[in-house]
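Dropping coords_4.csv in here (CSV, C-alpha atoms):
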chain,number,residue,atom,x,y,z
A,1,MET,CA,0.0,0.0,0.0
A,2,GLN,CA,1.6,3.3,-1.1
A,3,VAL,CA,-0.6,5.9,0.6
A,4,THR,CA,1.8,8.7,-0.3
A,5,MET,CA,1.9,8.2,-4.1
A,6,CYS,CA,1.0,11.7,-5.1
A,7,PRO,CA,-1.2,12.0,-8.2
A,8,GLU,CA,-3.4,9.1,-7.1
A,9,ARG,CA,-3.7,10.5,-3.6
A,10,ALA,CA,-4.8,13.9,-4.9
A,11,ILE,CA,-7.5,12.2,-7.1
A,12,MET,CA,-8.7,10.1,-4.1
A,13,GLU,CA,-9.1,13.4,-2.2
A,14,HIS,CA,-11.1,14.9,-4.9
A,15,VAL,CA,-13.4,11.9,-5.2
A,16,THR,CA,-13.8,11.5,-1.5
A,17,SER,CA,-14.1,15.2,-0.6
A,18,ARG,CA,-17.3,16.0,1.3
A,19,TRP,CA,-19.1,17.4,-1.7
A,20,GLY,CA,-17.3,15.3,-4.3
A,21,VAL,CA,-18.8,12.2,-2.7
A,22,LEU,CA,-22.3,13.6,-2.9
A,23,LEU,CA,-22.0,15.3,-6.3
A,24,LEU,CA,-20.7,12.1,-8.0
A,25,GLN,CA,-23.5,10.1,-6.5
A,26,VAL,CA,-26.1,12.6,-7.6
A,27,LEU,CA,-24.7,12.9,-11.1
A,28,SER,CA,-24.5,9.1,-11.4
A,29,ASN,CA,-28.2,8.9,-12.2
A,30,GLY,CA,-27.1,9.6,-15.8
A,31,GLU,CA,-29.1,12.8,-16.2
A,32,ALA,CA,-27.9,16.3,-17.1
A,33,TRP,CA,-28.1,18.6,-14.1
A,34,ARG,CA,-28.3,22.4,-13.9
A,35,PHE,CA,-26.3,24.2,-11.2
A,36,SER,CA,-29.4,25.3,-9.3
A,37,ASP,CA,-30.8,21.7,-9.3
A,38,LEU,CA,-27.5,20.3,-8.0
A,39,ARG,CA,-27.5,23.0,-5.3
A,40,ARG,CA,-31.1,22.1,-4.3
A,41,GLU,CA,-30.3,18.4,-4.2
A,42,LEU,CA,-27.2,18.8,-2.1
A,43,GLU,CA,-29.1,21.2,0.2
A,44,ILE,CA,-26.6,22.9,2.4
A,45,VAL,CA,-23.7,23.3,0.0
A,46,SER,CA,-22.7,26.9,-0.6
A,47,GLU,CA,-22.5,28.3,-4.2
A,48,LYS,CA,-18.8,28.7,-3.9
A,49,MET,CA,-18.1,25.2,-2.7
A,50,LEU,CA,-20.3,23.7,-5.4
A,51,THR,CA,-18.6,25.7,-8.1
A,52,GLN,CA,-15.2,24.7,-6.7
A,53,THR,CA,-16.1,21.0,-6.5
A,54,LEU,CA,-17.6,21.0,-10.0
A,55,ARG,CA,-14.4,22.6,-11.4
A,56,THR,CA,-12.1,20.2,-9.7
A,57,LEU,CA,-14.2,17.2,-11.0
A,58,GLU,CA,-14.4,18.8,-14.5
A,59,ARG,CA,-10.6,19.3,-14.5
A,60,ASP,CA,-10.1,15.6,-13.5
A,61,GLY,CA,-12.3,14.6,-16.5
A,62,PHE,CA,-15.1,13.3,-14.3
A,63,VAL,CA,-17.7,15.9,-15.1
A,64,HIS,CA,-18.6,17.4,-18.5
A,65,ARG,CA,-19.8,21.0,-18.5
A,66,GLU,CA,-21.9,22.1,-21.4
A,67,VAL,CA,-23.4,25.5,-22.2
A,68,LYS,CA,-26.7,24.9,-23.9
A,69,PRO,CA,-27.3,27.4,-26.7
A,70,VAL,CA,-30.9,28.2,-25.7
A,71,ILE,CA,-32.5,31.4,-24.7
A,72,PRO,CA,-31.7,32.2,-21.9
A,73,PRO,CA,-28.5,30.0,-22.2
A,74,HIS,CA,-27.9,27.6,-19.4
A,75,VAL,CA,-25.2,25.2,-18.3
A,76,GLU,CA,-25.6,21.5,-17.8
A,77,TYR,CA,-23.4,19.1,-16.0
A,78,THR,CA,-23.1,15.3,-16.7
A,79,LEU,CA,-20.8,12.5,-15.7
A,80,THR,CA,-18.2,11.5,-18.3
A,81,PRO,CA,-17.6,7.7,-18.7
A,82,LEU,CA,-14.5,8.2,-16.6
A,83,GLY,CA,-16.5,9.9,-13.9
A,84,LYS,CA,-19.1,7.1,-14.1
A,85,GLY,CA,-16.3,4.7,-13.3
A,86,ALA,CA,-15.3,6.6,-10.2
A,87,ALA,CA,-18.9,7.3,-9.1
A,88,ASN,CA,-19.7,3.5,-9.3
A,89,HIS,CA,-17.4,2.9,-6.4
A,90,LEU,CA,-19.0,5.6,-4.3
A,91,VAL,CA,-22.5,4.3,-5.1
A,92,ALA,CA,-21.4,0.8,-4.1
A,93,LEU,CA,-20.0,2.1,-0.9
A,94,ALA,CA,-23.2,4.1,-0.2
A,95,HIS,CA,-25.2,0.9,-0.8
A,96,TRP,CA,-23.0,-1.0,1.6
A,97,ILE,CA,-23.5,1.7,4.2
A,98,GLU,CA,-27.3,1.6,3.6
A,99,ALA,CA,-27.2,-2.1,4.2
A,100,ASN,CA,-24.9,-2.0,7.3
A,101,HIS,CA,-25.8,1.1,9.1
A,102,PRO,CA,-27.9,-0.7,11.7
A,103,GLU,CA,-24.9,-2.7,12.7
A,104,VAL,CA,-22.8,0.5,12.9
A,105,ALA,CA,-25.5,2.1,15.1
A,106,GLN,CA,-25.3,-0.9,17.4
A,107,ALA,CA,-21.5,-0.6,17.6
A,108,GLN,CA,-21.9,3.1,18.4
A,109,GLN,CA,-24.4,2.4,21.2
A,110,ARG,CA,-22.0,-0.2,22.7
A,111,TYR,CA,-19.1,2.2,22.5
A,112,ASP,CA,-21.0,5.0,24.2
A,113,LYS,CA,-22.2,2.8,27.0
A,114,ALA,CA,-18.7,1.5,27.8
B,1,MET,CA,-30.7,9.0,-4.2
B,2,GLN,CA,-31.2,10.4,-0.7
B,3,VAL,CA,-28.0,12.3,0.0
B,4,THR,CA,-29.5,13.8,3.2
B,5,MET,CA,-30.4,10.6,5.0
B,6,CYS,CA,-28.6,11.3,8.3
B,7,PRO,CA,-27.0,8.3,9.9
B,8,GLU,CA,-25.8,6.9,6.6
B,9,ARG,CA,-24.3,10.3,5.6
B,10,ALA,CA,-22.4,10.6,8.8
B,11,ILE,CA,-20.9,7.1,8.3
B,12,MET,CA,-20.0,8.0,4.7
B,13,GLU,CA,-18.2,11.1,6.1
B,14,HIS,CA,-16.2,9.0,8.6
B,15,VAL,CA,-15.3,6.4,5.9
B,16,THR,CA,-14.3,9.1,3.3
B,17,SER,CA,-12.6,11.5,5.7
B,18,ARG,CA,-9.1,12.4,4.7
B,19,TRP,CA,-7.5,10.1,7.3
B,20,GLY,CA,-10.3,7.5,7.4
B,21,VAL,CA,-9.7,6.7,3.7
B,22,LEU,CA,-6.0,6.1,4.3
B,23,LEU,CA,-6.4,4.3,7.7
B,24,LEU,CA,-9.0,1.8,6.4
B,25,GLN,CA,-6.8,1.0,3.4
B,26,VAL,CA,-3.7,0.5,5.6
B,27,LEU,CA,-5.5,-1.7,8.1
B,28,SER,CA,-7.1,-3.7,5.3
B,29,ASN,CA,-3.9,-5.7,4.9
B,30,GLY,CA,-5.3,-7.8,7.8
B,31,GLU,CA,-2.5,-7.2,10.2
B,32,ALA,CA,-2.5,-5.8,13.8
B,33,TRP,CA,-1.0,-2.3,13.8
B,34,ARG,CA,0.5,-0.3,16.6
B,35,PHE,CA,-0.2,3.4,16.9
B,36,SER,CA,3.4,4.4,16.1
B,37,ASP,CA,3.5,2.2,13.0
B,38,LEU,CA,0.2,3.7,11.7
B,39,ARG,CA,1.6,7.1,12.2
B,40,ARG,CA,4.7,6.3,10.3
B,41,GLU,CA,2.7,4.7,7.5
B,42,LEU,CA,0.4,7.7,7.1
B,43,GLU,CA,3.4,10.0,7.3
B,44,ILE,CA,2.1,13.5,7.9
B,45,VAL,CA,-0.9,12.8,10.1
B,46,SER,CA,-0.7,14.4,13.5
B,47,GLU,CA,-1.0,12.4,16.7
B,48,LYS,CA,-4.3,14.1,17.5
B,49,MET,CA,-5.9,13.5,14.1
B,50,LEU,CA,-4.8,9.8,14.1
B,51,THR,CA,-6.3,9.4,17.7
B,52,GLN,CA,-9.5,11.1,16.7
B,53,THR,CA,-9.9,9.1,13.4
B,54,LEU,CA,-9.1,5.8,15.2
B,55,ARG,CA,-11.7,6.6,17.9
B,56,THR,CA,-14.4,7.5,15.3
B,57,LEU,CA,-13.8,4.2,13.4
B,58,GLU,CA,-13.7,2.2,16.6
B,59,ARG,CA,-17.0,3.8,17.7
B,60,ASP,CA,-18.5,2.8,14.3
B,61,GLY,CA,-17.4,-0.8,14.9
B,62,PHE,CA,-14.9,-0.7,12.0
B,63,VAL,CA,-11.7,-0.8,14.1
B,64,HIS,CA,-10.9,-3.1,17.0
B,65,ARG,CA,-8.6,-1.7,19.7
B,66,GLU,CA,-6.8,-4.2,21.9
B,67,VAL,CA,-4.5,-3.6,24.8
B,68,LYS,CA,-1.9,-6.4,24.7
B,69,PRO,CA,-1.0,-7.6,28.2
B,70,VAL,CA,2.7,-7.6,27.6
B,71,ILE,CA,5.5,-5.7,29.3
B,72,PRO,CA,5.5,-2.9,28.4
B,73,PRO,CA,1.8,-3.0,27.5
B,74,HIS,CA,0.9,-1.8,24.0
B,75,VAL,CA,-2.2,-1.3,22.0
B,76,GLU,CA,-3.0,-2.9,18.7
B,77,TYR,CA,-5.5,-1.9,16.1
B,78,THR,CA,-7.2,-4.3,13.6
B,79,LEU,CA,-10.1,-4.1,11.2
B,80,THR,CA,-13.3,-5.8,12.3
B,81,PRO,CA,-15.2,-7.9,9.7
B,82,LEU,CA,-17.6,-4.8,9.4
B,83,GLY,CA,-14.6,-2.5,8.9
B,84,LYS,CA,-13.2,-4.9,6.3
B,85,GLY,CA,-16.5,-4.6,4.4
B,86,ALA,CA,-16.2,-0.8,4.3
B,87,ALA,CA,-12.5,-0.9,3.5
B,88,ASN,CA,-13.0,-3.2,0.5
B,89,HIS,CA,-14.8,-0.4,-1.3
B,90,LEU,CA,-12.0,2.1,-0.6
B,91,VAL,CA,-9.4,-0.4,-1.8
B,92,ALA,CA,-11.5,-1.0,-5.0
B,93,LEU,CA,-11.7,2.7,-5.5
B,94,ALA,CA,-7.9,3.1,-4.9
B,95,HIS,CA,-7.3,0.3,-7.5
B,96,TRP,CA,-9.6,2.1,-10.0
B,97,ILE,CA,-7.7,5.4,-9.5
B,98,GLU,CA,-4.3,3.6,-9.9
B,99,ALA,CA,-5.5,2.2,-13.2
B,100,ASN,CA,-7.1,5.4,-14.4
B,101,HIS,CA,-4.9,8.2,-13.2
B,102,PRO,CA,-3.1,8.6,-16.5
B,103,GLU,CA,-6.4,9.4,-18.1
B,104,VAL,CA,-7.2,11.8,-15.3
B,105,ALA,CA,-3.7,13.5,-15.8
B,106,GLN,CA,-4.5,13.9,-19.6
B,107,ALA,CA,-7.9,15.5,-18.7
B,108,GLN,CA,-6.1,17.9,-16.3
B,109,GLN,CA,-3.6,18.9,-19.0
B,110,ARG,CA,-6.4,19.6,-21.5
B,111,TYR,CA,-8.3,21.6,-18.9
B,112,ASP,CA,-5.3,23.7,-18.0
B,113,LYS,CA,-4.5,24.4,-21.6
B,114,ALA,CA,-8.0,25.6,-22.5
Turn the structure described in the file into structure tokens.
Amino acid sequence: MQVTMCPERAIMEHVTSRWGVLLLQVLSNGEAWRFSDLRRELEIVSEKMLTQTLRTLERDGFVHREVKPVIPPHVEYTLTPLGKGAANHLVALAHWIEANHPEVAQAQQRYDKA
Amino acid sequence: MQVTMCPERAIMEHVTSRWGVLLLQVLSNGEAWRFSDLRRELEIVSEKMLTQTLRTLERDGFVHREVKPVIPPHVEYTLTPLGKGAANHLVALAHWIEANHPEVAQAQQRYDKA
């Protein structure tokens, strides 16, 4: 295990960042999302943080940003095939947590009582 | 996708925290680790952050902490079967990143040139 290998570790931090985790999961439904819809879905994320997270994931090639030539113009965000590959692992982890969170809750209760 | 479902989201944040990600991967080799060895492996983590991360993962039932009755006594950390389940997903994500980071690097270069 080489935890300090640099480019990989930076990518891991983007993918597992607080908002990266949520954004990749939301986008993984395969639809095109508008900024305002993403913000509503993620609830408490600030505009600045969402912009920053989208840019980081766009730079990594995970998110595709497209300006739609309509009136008024708007921007749509989708996952690229590469982004889908990364997102799949987060979705699998989220499913695992969904299935196992009662066991985690029991462990927490035991810990807090001890 | 319910990103705001509370207990699951908290667990996701523990598992994907900066040090949680690395710690679960390191522990996933199946060996018992001492605090000082974990600290050395994770390189730049502070003693405080490592203690805090270990406690959070112990409380979630992912990490088992055992005081070995030897002289001088020392503490060993291992993954529980539950922790192994969570760690497997991070290890799979890390392998995916290892395999795909050249493609990410290319995307970054394109983005920076544009």
Fit chain B to chain A, using all C-alpha atoms paired in sequence order for the least-squares superposition, and then show me the result as a JSON list (two decimals) with C-alpha atoms, in the coordinates of the input.
[["chain", "number", "residue", "atom", "x", "y", "z"],
["B", 1, "MET", "CA", -0.07, -0.09, -0.08],
["B", 2, "GLN", "CA", 1.50, 3.22, -1.09],
["B", 3, "VAL", "CA", -0.68, 5.82, 0.59],
["B", 4, "THR", "CA", 1.79, 8.61, -0.35],
["B", 5, "MET", "CA", 1.85, 8.12, -4.10],
["B", 6, "CYS", "CA", 1.02, 11.70, -5.13],
["B", 7, "PRO", "CA", -1.19, 12.01, -8.16],
["B", 8, "GLU", "CA", -3.37, 9.09, -7.13],
["B", 9, "ARG", "CA", -3.77, 10.52, -3.58],
["B", 10, "ALA", "CA", -4.85, 13.86, -4.86],
["B", 11, "ILE", "CA", -7.52, 12.21, -7.08],
["B", 12, "MET", "CA", -8.69, 10.11, -4.11],
["B", 13, "GLU", "CA", -9.04, 13.39, -2.14],
["B", 14, "HIS", "CA", -11.16, 15.00, -4.90],
["B", 15, "VAL", "CA", -13.36, 11.85, -5.23],
["B", 16, "THR", "CA", -13.82, 11.49, -1.40],
["B", 17, "SER", "CA", -14.15, 15.18, -0.58],
["B", 18, "ARG", "CA", -17.25, 16.03, 1.34],
["B", 19, "TRP", "CA", -19.04, 17.48, -1.70],
["B", 20, "GLY", "CA", -17.33, 15.30, -4.33],
["B", 21, "VAL", "CA", -18.82, 12.16, -2.71],
["B", 22, "LEU", "CA", -22.33, 13.59, -2.87],
["B", 23, "LEU", "CA", -21.96, 15.25, -6.34],
["B", 24, "LEU", "CA", -20.65, 12.08, -8.04],
["B", 25, "GLN", "CA", -23.49, 10.04, -6.54],
["B", 26, "VAL", "CA", -26.13, 12.59, -7.65],
["B", 27, "LEU", "CA", -24.77, 12.85, -11.17],
["B", 28, "SER", "CA", -24.47, 9.08, -11.42],
["B", 29, "ASN", "CA", -28.18, 8.84, -12.20],
["B", 30, "GLY", "CA", -27.08, 9.61, -15.81],
["B", 31, "GLU", "CA", -29.03, 12.77, -16.22],
["B", 32, "ALA", "CA", -27.91, 16.33, -17.20],
["B", 33, "TRP", "CA", -28.10, 18.61, -14.15],
["B", 34, "ARG", "CA", -28.30, 22.35, -13.92],
["B", 35, "PHE", "CA", -26.34, 24.21, -11.28],
["B", 36, "SER", "CA", -29.47, 25.30, -9.38],
["B", 37, "ASP", "CA", -30.87, 21.77, -9.30],
["B", 38, "LEU", "CA", -27.54, 20.37, -7.95],
["B", 39, "ARG", "CA", -27.59, 22.96, -5.29],
["B", 40, "ARG", "CA", -31.06, 22.10, -4.26],
["B", 41, "GLU", "CA", -30.26, 18.39, -4.27],
["B", 42, "LEU", "CA", -27.19, 18.80, -2.07],
["B", 43, "GLU", "CA", -29.14, 21.14, 0.18],
["B", 44, "ILE", "CA", -26.64, 22.94, 2.38],
["B", 45, "VAL", "CA", -23.71, 23.31, 0.00],
["B", 46, "SER", "CA", -22.74, 26.88, -0.67],
["B", 47, "GLU", "CA", -22.57, 28.32, -4.17],
["B", 48, "LYS", "CA", -18.81, 28.68, -3.88],
["B", 49, "MET", "CA", -18.14, 25.14, -2.67],
["B", 50, "LEU", "CA", -20.42, 23.65, -5.40],
["B", 51, "THR", "CA", -18.53, 25.80, -8.08],
["B", 52, "GLN", "CA", -15.17, 24.77, -6.73],
["B", 53, "THR", "CA", -16.08, 21.01, -6.47],
["B", 54, "LEU", "CA", -17.62, 21.04, -9.99],
["B", 55, "ARG", "CA", -14.46, 22.71, -11.40],
["B", 56, "THR", "CA", -12.13, 20.18, -9.66],
["B", 57, "LEU", "CA", -14.15, 17.21, -11.06],
["B", 58, "GLU", "CA", -14.35, 18.78, -14.49],
["B", 59, "ARG", "CA", -10.56, 19.33, -14.46],
["B", 60, "ASP", "CA", -10.12, 15.62, -13.55],
["B", 61, "GLY", "CA", -12.26, 14.66, -16.55],
["B", 62, "PHE", "CA", -15.05, 13.26, -14.34],
["B", 63, "VAL", "CA", -17.66, 15.96, -15.06],
["B", 64, "HIS", "CA", -18.66, 17.38, -18.43],
["B", 65, "ARG", "CA", -19.83, 21.01, -18.47],
["B", 66, "GLU", "CA", -21.94, 22.11, -21.41],
["B", 67, "VAL", "CA", -23.34, 25.50, -22.20],
["B", 68, "LYS", "CA", -26.71, 24.89, -23.90],
["B", 69, "PRO", "CA", -27.33, 27.37, -26.72],
["B", 70, "VAL", "CA", -30.85, 28.15, -25.71],
["B", 71, "ILE", "CA", -32.48, 31.41, -24.68],
["B", 72, "PRO", "CA", -31.69, 32.11, -21.94],
["B", 73, "PRO", "CA", -28.47, 30.08, -22.16],
["B", 74, "HIS", "CA", -27.86, 27.60, -19.34],
["B", 75, "VAL", "CA", -25.18, 25.21, -18.34],
["B", 76, "GLU", "CA", -25.58, 21.51, -17.83],
["B", 77, "TYR", "CA", -23.40, 19.10, -15.98],
["B", 78, "THR", "CA", -23.10, 15.33, -16.74],
["B", 79, "LEU", "CA", -20.78, 12.54, -15.71],
["B", 80, "THR", "CA", -18.21, 11.47, -18.27],
["B", 81, "PRO", "CA", -17.64, 7.70, -18.77],
["B", 82, "LEU", "CA", -14.42, 8.21, -16.57],
["B", 83, "GLY", "CA", -16.50, 9.99, -13.91],
["B", 84, "LYS", "CA", -19.07, 7.19, -14.06],
["B", 85, "GLY", "CA", -16.26, 4.71, -13.31],
["B", 86, "ALA", "CA", -15.26, 6.65, -10.18],
["B", 87, "ALA", "CA", -18.86, 7.22, -9.13],
["B", 88, "ASN", "CA", -19.72, 3.51, -9.30],
["B", 89, "HIS", "CA", -17.42, 2.88, -6.36],
["B", 90, "LEU", "CA", -19.03, 5.65, -4.28],
["B", 91, "VAL", "CA", -22.50, 4.32, -5.09],
["B", 92, "ALA", "CA", -21.34, 0.76, -4.09],
["B", 93, "LEU", "CA", -19.98, 2.16, -0.90],
["B", 94, "ALA", "CA", -23.25, 4.13, -0.25],
["B", 95, "HIS", "CA", -25.22, 0.86, -0.85],
["B", 96, "TRP", "CA", -22.93, -1.00, 1.62],
["B", 97, "ILE", "CA", -23.47, 1.71, 4.29],
["B", 98, "GLU", "CA", -27.29, 1.64, 3.70],
["B", 99, "ALA", "CA", -27.25, -2.10, 4.29],
["B", 100, "ASN", "CA", -24.90, -1.98, 7.24],
["B", 101, "HIS", "CA", -25.76, 1.13, 9.16],
["B", 102, "PRO", "CA", -27.88, -0.68, 11.72],
["B", 103, "GLU", "CA", -24.85, -2.67, 12.69],
["B", 104, "VAL", "CA", -22.79, 0.49, 12.83],
["B", 105, "ALA", "CA", -25.53, 2.14, 15.10],
["B", 106, "GLN", "CA", -25.34, -0.94, 17.48],
["B", 107, "ALA", "CA", -21.49, -0.58, 17.61],
["B", 108, "GLN", "CA", -21.91, 3.15, 18.45],
["B", 109, "GLN", "CA", -24.36, 2.36, 21.26],
["B", 110, "ARG", "CA", -21.98, -0.23, 22.76],
["B", 111, "TYR", "CA", -19.08, 2.20, 22.50],
["B", 112, "ASP", "CA", -20.98, 4.99, 24.18],
["B", 113, "LYS", "CA", -22.12, 2.76, 26.98],
["B", 114, "ALA", "CA", -18.64, 1.46, 27.82]]
query: Which chain B residues are at most 9 Å from chain A (counting only C-alpha atoms), as a VMD selection string?
result: chain B and resid 1 to 4 7 to 9 11 to 13 16 to 18 21 to 22 25 to 26 29 41 to 43 58 to 62 82 85 to 86 88 to 90 92 to 94 96 to 98 100 to 101 103 to 112
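Atom CA of Ile71 of chain B is positioned 25.3 Å from atom CA of Ala114 of chain A.
Interatomic distance, atom CA of Val75 of chain A against atom CA of Trp33 of chain A: 8.3 Å.
The space between atom CA of Phe35 of chain B and atom CA of Lys113 of chain A spans 24.2 Å.
Minimum distance to Gly20 of chain A across A:Ser36, A:Thr53, A:Pro81, A:Lys68 (counting all atoms listed in the file) occurs at A:Thr53.
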Where atoms are absent from segment 75-84 of chain A, fill them in so it carries all heavy atoms, then output it as a PDB file, keeping the file's coordinate frame.
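Once written, out_33.pdb looks like this:
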ATOM      1  N   VAL A  75     -26.294  26.154 -18.347  1.00  0.00           N
ATOM      2  CA  VAL A  75     -25.200  25.200 -18.300  1.00  0.00           C
ATOM      3  C   VAL A  75     -25.699  23.881 -17.733  1.00  0.00           C
ATOM      4  O   VAL A  75     -26.485  23.879 -16.785  1.00  0.00           O
ATOM      5  CB  VAL A  75     -24.051  25.754 -17.428  1.00  0.00           C
ATOM      6  CG1 VAL A  75     -22.919  24.739 -17.296  1.00  0.00           C
ATOM      7  CG2 VAL A  75     -23.515  27.050 -18.014  1.00  0.00           C
ATOM      8  N   GLU A  76     -25.259  22.783 -18.358  1.00  0.00           N
ATOM      9  CA  GLU A  76     -25.600  21.500 -17.800  1.00  0.00           C
ATOM     10  C   GLU A  76     -24.402  20.651 -17.482  1.00  0.00           C
ATOM     11  O   GLU A  76     -23.391  20.694 -18.192  1.00  0.00           O
ATOM     12  CB  GLU A  76     -26.475  20.707 -18.874  1.00  0.00           C
ATOM     13  CG  GLU A  76     -27.919  21.161 -18.914  1.00  0.00           C
ATOM     14  CD  GLU A  76     -28.747  20.338 -19.906  1.00  0.00           C
ATOM     15  OE1 GLU A  76     -28.185  19.437 -20.559  1.00  0.00           O
ATOM     16  OE2 GLU A  76     -29.940  20.623 -20.014  1.00  0.00           O
ATOM     17  N   TYR A  77     -24.520  19.901 -16.420  1.00  0.00           N
ATOM     18  CA  TYR A  77     -23.400  19.100 -16.000  1.00  0.00           C
ATOM     19  C   TYR A  77     -23.820  17.591 -16.068  1.00  0.00           C
ATOM     20  O   TYR A  77     -24.915  17.210 -15.634  1.00  0.00           O
ATOM     21  CB  TYR A  77     -23.076  19.376 -14.510  1.00  0.00           C
ATOM     22  CG  TYR A  77     -22.599  20.788 -14.315  1.00  0.00           C
ATOM     23  CD1 TYR A  77     -23.503  21.811 -14.011  1.00  0.00           C
ATOM     24  CD2 TYR A  77     -21.259  21.119 -14.465  1.00  0.00           C
ATOM     25  CE1 TYR A  77     -23.073  23.131 -13.851  1.00  0.00           C
ATOM     26  CE2 TYR A  77     -20.819  22.423 -14.304  1.00  0.00           C
ATOM     27  CZ  TYR A  77     -21.732  23.417 -13.997  1.00  0.00           C
ATOM     28  OH  TYR A  77     -21.303  24.712 -13.847  1.00  0.00           O
ATOM     29  N   THR A  78     -22.923  16.783 -16.641  1.00  0.00           N
ATOM     30  CA  THR A  78     -23.100  15.300 -16.700  1.00  0.00           C
ATOM     31  C   THR A  78     -21.850  14.628 -16.302  1.00  0.00           C
ATOM     32  O   THR A  78     -20.769  15.215 -16.323  1.00  0.00           O
ATOM     33  CB  THR A  78     -23.481  14.874 -18.155  1.00  0.00           C
ATOM     34  OG1 THR A  78     -22.538  15.475 -19.057  1.00  0.00           O
ATOM     35  CG2 THR A  78     -24.886  15.268 -18.560  1.00  0.00           C
ATOM     36  N   LEU A  79     -21.974  13.360 -15.939  1.00  0.00           N
ATOM     37  CA  LEU A  79     -20.800  12.500 -15.700  1.00  0.00           C
ATOM     38  C   LEU A  79     -20.209  12.091 -17.031  1.00  0.00           C
ATOM     39  O   LEU A  79     -20.954  11.713 -17.941  1.00  0.00           O
ATOM     40  CB  LEU A  79     -21.134  11.291 -14.895  1.00  0.00           C
ATOM     41  CG  LEU A  79     -21.188  11.375 -13.379  1.00  0.00           C
ATOM     42  CD1 LEU A  79     -21.262   9.959 -12.814  1.00  0.00           C
ATOM     43  CD2 LEU A  79     -19.984  12.106 -12.804  1.00  0.00           C
ATOM     44  N   THR A  80     -18.897  12.100 -17.160  1.00  0.00           N
ATOM     45  CA  THR A  80     -18.200  11.500 -18.300  1.00  0.00           C
ATOM     46  C   THR A  80     -18.160   9.961 -18.022  1.00  0.00           C
ATOM     47  O   THR A  80     -18.395   9.534 -16.890  1.00  0.00           O
ATOM     48  CB  THR A  80     -16.790  11.992 -18.434  1.00  0.00           C
ATOM     49  OG1 THR A  80     -16.076  11.605 -17.259  1.00  0.00           O
ATOM     50  CG2 THR A  80     -16.766  13.511 -18.584  1.00  0.00           C
ATOM     51  N   PRO A  81     -17.815   9.142 -19.024  1.00  0.00           N
ATOM     52  CA  PRO A  81     -17.600   7.700 -18.700  1.00  0.00           C
ATOM     53  C   PRO A  81     -16.558   7.490 -17.648  1.00  0.00           C
ATOM     54  O   PRO A  81     -16.728   6.628 -16.781  1.00  0.00           O
ATOM     55  CB  PRO A  81     -17.150   7.150 -20.093  1.00  0.00           C
ATOM     56  CG  PRO A  81     -17.753   8.071 -21.113  1.00  0.00           C
ATOM     57  CD  PRO A  81     -17.729   9.433 -20.472  1.00  0.00           C
ATOM     58  N   LEU A  82     -15.499   8.310 -17.651  1.00  0.00           N
ATOM     59  CA  LEU A  82     -14.500   8.200 -16.600  1.00  0.00           C
ATOM     60  C   LEU A  82     -15.086   8.511 -15.232  1.00  0.00           C
ATOM     61  O   LEU A  82     -14.861   7.777 -14.254  1.00  0.00           O
ATOM     62  CB  LEU A  82     -13.329   9.179 -16.910  1.00  0.00           C
ATOM     63  CG  LEU A  82     -12.058   9.063 -16.069  1.00  0.00           C
ATOM     64  CD1 LEU A  82     -11.358   7.736 -16.308  1.00  0.00           C
ATOM     65  CD2 LEU A  82     -11.092  10.221 -16.364  1.00  0.00           C
ATOM     66  N   GLY A  83     -15.885   9.579 -15.175  1.00  0.00           N
ATOM     67  CA  GLY A  83     -16.500   9.900 -13.900  1.00  0.00           C
ATOM     68  C   GLY A  83     -17.496   8.871 -13.441  1.00  0.00           C
ATOM     69  O   GLY A  83     -17.612   8.613 -12.236  1.00  0.00           O
ATOM     70  N   LYS A  84     -18.149   8.221 -14.401  1.00  0.00           N
ATOM     71  CA  LYS A  84     -19.100   7.100 -14.100  1.00  0.00           C
ATOM     72  C   LYS A  84     -18.300   5.996 -13.372  1.00  0.00           C
ATOM     73  O   LYS A  84     -18.787   5.403 -12.410  1.00  0.00           O
ATOM     74  CB  LYS A  84     -19.747   6.647 -15.355  1.00  0.00           C
ATOM     75  CG  LYS A  84     -20.804   5.581 -15.181  1.00  0.00           C
ATOM     76  CD  LYS A  84     -22.122   6.135 -14.683  1.00  0.00           C
ATOM     77  CE  LYS A  84     -23.131   5.025 -14.401  1.00  0.00           C
ATOM     78  NZ  LYS A  84     -24.109   5.402 -13.368  1.00  0.00           N
TER      79      LYS A  84
END
